Amino acid sequence: MTAVAVFAGTLLLILLRPLGLSIGTGALLGALAAWLVGAVSPADLLHIVQIVWDPTLAFVGIVLTAMALEEMGFFDWAAVYSARLSRGNGHRLYVNMILLGALSAALFANDGAALILTPVILAKMRYLKLPAPALFAFVMAGGFIGDTASNALVVSNLTNILTADFFHLDFLSYAQTMFWPNLLAVTLSLAVLWLLFHNDLPTAVNLHALPDPSTLINPRLLKQLWPLLIFLGVTYIAGDLSGLPVSAITLSGAGLLLWLGHRHKALEPLKLLRRAPWQIIWFSVGLYVVVWGLHNAGLSRQLAHWLLIAQSHGETAAVLGTGFLAAILSALLNNLPAVMMMNLALDHLGPHLHTAMIYANVIGCNIGPKLTPFGSLATLLWLHLLKEKGVVIGWREYLLFGLSATPPVLAASLAGLLF
């Protein structure tokens with residue numbers, strides 16, 4: 001009960017942020033409390049740092065990459081170019097924006113897609129002077145697809161990186177296994193979002209209101225970006241095969257982009273580095289310490305017992321049971337502690353563990369948070385960002401949307417693991 005109380009208090013500090021506390025500070029205070037009450041030992045702390053350092057720094061590198069591309073104007077260019085491909089058809093424009101969000105989530109992580117691309121899309125939609133219902137449809141699609149399409153690659157979500165590192169999943173095997181689940185998630189997301197909002201979409205839009213894509217980014221810089229991005233993709237695979245830490249690859253890639261942007265006077269590296277999400281390091285380590293306290297108290301063994309029951313009914317039950325259990329935990333407790341607890345629970349299964357259950361856990365922890373507005377930190381930050389931009393989405397309004405859109409997308413993605 002002490003470990004549960006520490007976890008609940010830490011979660012409240014992170015979600016409510018009293019006195020303006022950062023999420024990293026809230027997690028560290030929770031970790032300190034877990035140590036003081038004896039929920040974790042000094043040996044646990046050292047073990048946790050060994051588990052968390054590489055995934056966390058890898059995620060920082062991915063977010064730095066997205067921030068650098070945003071500063072260069074790459075996302076503005078991509079949004080306008082994608083809009084022009086619609087040729088003025090409002091429904092095609094909606095599909096193009098969703099696909100752009102899915103691609104951004106896969107390559108630059110869900111936080112990059114939701115927090116960087118959403119303001120860009122919002123600005124472009126206001127250029128087009130869309131009515132409020134259409135604007136709402138585009139905003140909800142951007143926030144939703146950022147998470148549901150974040151299963152594609154190891155680097156697409158911090159939950160993916162943590163799990164791949166914990167179970168030693170290599171980059172290529174992960175991408176191959178998640179191909180069908182992610183494709184189905186994106187396809188169902190498109191279908192569900194269109195069904196929910198097609199009546200609010202304009203039949204035609206005036207694309208002349210948008211700026212020329214060539215004015216949004218230095219053309220010479222753009223030409224040099226493409227081979228660099230391809231090189232980074234190849235490096236992910238080569239680095240993984242050679243056993244390099246994922247963080248070494250992502251941080252090096254971010255460094256190359258900062259150098260290129262500085263060379264073309266498109267960004268100031270020191271200013272961008274000061275804005276980087278360094279607190280995610282303390283957040284990840286601190287939260288893992290608190291979750292480890294629950295692990296020591298026996299919660300992971302209880303979850304493992306439920307997973308064994310699901311597994312005893314066959315592979316389909318194991319995959320669906322793992323995925324939906326992870327989704328419910330993520331929706332109620334936030335997805336980062338959920339994926340940590342579920343990884344520890346799956347590890348308890350030992351030789352009985354079915355590999356598909358590891359991937360089902362990731363899917364549940366990436367898509368399940370969309371059930372509630374507090375299921376992931378990215379969603380909370382996204383809602384706050386929209387409020388600052390004058391778009392207010394109430395929790396009741398979000399819950400109605402989340403409960404309608406999330407279950408079919410989650411079920412389809414989990415089914416992809418059974419192919």
# chains A, B, ... in the order shown; residues from 1 in each chain; ligands from 1
call {"tool": "residues_around", "arguments": {"residues": "Met1 (chain A)", "least_positions_apart": "3", "cutoff": "10 Å", "atoms": "only C-alpha atoms", "output": "list in words"}}
result
Val4, Ala5, Val6, Phe7, Leu294 and Ala297 of chain A
call {"tool": "write_last_selection", "arguments": {"atoms": "C-alpha atoms", "output": "mmCIF file, in the first residue's frame"}}
result
data_model
loop_
_atom_site.group_PDB
_atom_site.id
_atom_site.type_symbol
_atom_site.label_atom_id
_atom_site.label_comp_id
_atom_site.auth_asym_id
_atom_site.auth_seq_id
_atom_site.Cartn_x
_atom_site.Cartn_y
_atom_site.Cartn_z
ATOM 1 C CA VAL A 4 0.839 2.379 -4.323
ATOM 2 C CA ALA A 5 0.538 5.615 -2.317
ATOM 3 C CA VAL A 6 3.938 6.810 -3.548
ATOM 4 C CA PHE A 7 2.974 5.980 -7.138
ATOM 5 C CA LEU A 294 5.370 -1.374 -7.232
ATOM 6 C CA ALA A 297 5.602 -4.884 -3.799
#
call {"tool": "closest_atom_pairs", "arguments": {"of": "region 70-129 of chain A", "to": "region 256-263 of chain A", "cutoff": "12 Å", "atoms": "only C-alpha atoms", "output": "tab-separated table"}}
result
residue	atom	partner	partner_atom	distance
A:Glu70	CA	A:Gly261	CA	10.6
A:Glu71	CA	A:Gly261	CA	8.4
A:Met72	CA	A:Gly261	CA	6.5
A:Gly73	CA	A:Gly261	CA	10.3
A:Phe74	CA	A:Gly261	CA	10.9
call {"tool": "residues_around", "arguments": {"residues": "Ala134 (chain A)", "least_positions_apart": "3", "cutoff": "12 Å", "atoms": "only C-alpha atoms", "output": "PyMOL selection string"}}
result
chain A and resi 90-91+93-94+122+125-126+128-131+137-141+194+196-205
call {"tool": "atom_distance", "arguments": {"atom1": "CA of Asp347 (chain A)", "atom2": "CA of Ala58 (chain A)"}}
result
22.6 Å
call {"tool": "residues_around", "arguments": {"residues": "Asn361 (chain A)", "least_positions_apart": "3", "cutoff": "8 Å", "atoms": "only C-alpha atoms", "output": "PyMOL selection string"}}
result
chain A and resi 322-323+326+339+342-343+357-358+364-365
call {"tool": "closest_residue", "arguments": {"among": "A:Gly24, A:Pro369, A:Pro211, A:Pro18", "to": "Tyr81 (chain A)", "atoms": "only C-alpha atoms"}}
result
A:Pro211
call {"tool": "closest_atom_pairs", "arguments": {"of": "region 371-415 of chain A", "to": "region 328-337 of chain A", "cutoff": "8 Å", "atoms": "only C-alpha atoms", "output": "CSV"}}
result
residue,atom,partner,partner_atom,distance
A:Leu371,CA,A:Ala331,CA,5.8
A:Thr372,CA,A:Ala331,CA,5.6
A:Phe374,CA,A:Asn334,CA,6.6
A:Gly375,CA,A:Ala331,CA,4.2
A:Ser376,CA,A:Asn334,CA,5.1
A:Leu377,CA,A:Asn334,CA,7.3
call {"tool": "write_last_selection", "arguments": {"atoms": "N, CA and C atoms", "output": "short mmCIF file (atom, residue, chain, number, x, y, z; two decimals), in the first residue's frame"}}
result
data_model
loop_
_atom_site.label_atom_id
_atom_site.label_comp_id
_atom_site.auth_asym_id
_atom_site.auth_seq_id
_atom_site.Cartn_x
_atom_site.Cartn_y
_atom_site.Cartn_z
N LEU A 371 -7.70 6.56 -25.12
CA LEU A 371 -9.02 6.41 -24.51
C LEU A 371 -9.36 7.59 -23.60
N THR A 372 -8.34 8.14 -22.95
CA THR A 372 -8.56 9.23 -21.98
C THR A 372 -7.63 10.40 -22.28
N PHE A 374 -5.77 11.89 -20.22
CA PHE A 374 -4.60 11.85 -19.35
C PHE A 374 -3.81 10.55 -19.53
N GLY A 375 -4.09 9.79 -20.61
CA GLY A 375 -3.44 8.51 -20.82
C GLY A 375 -1.98 8.61 -21.19
N SER A 376 -1.56 9.73 -21.76
CA SER A 376 -0.14 9.91 -22.09
C SER A 376 0.24 11.36 -21.86
N LEU A 377 1.50 11.56 -21.57
CA LEU A 377 2.01 12.91 -21.36
C LEU A 377 1.87 13.73 -22.64
#
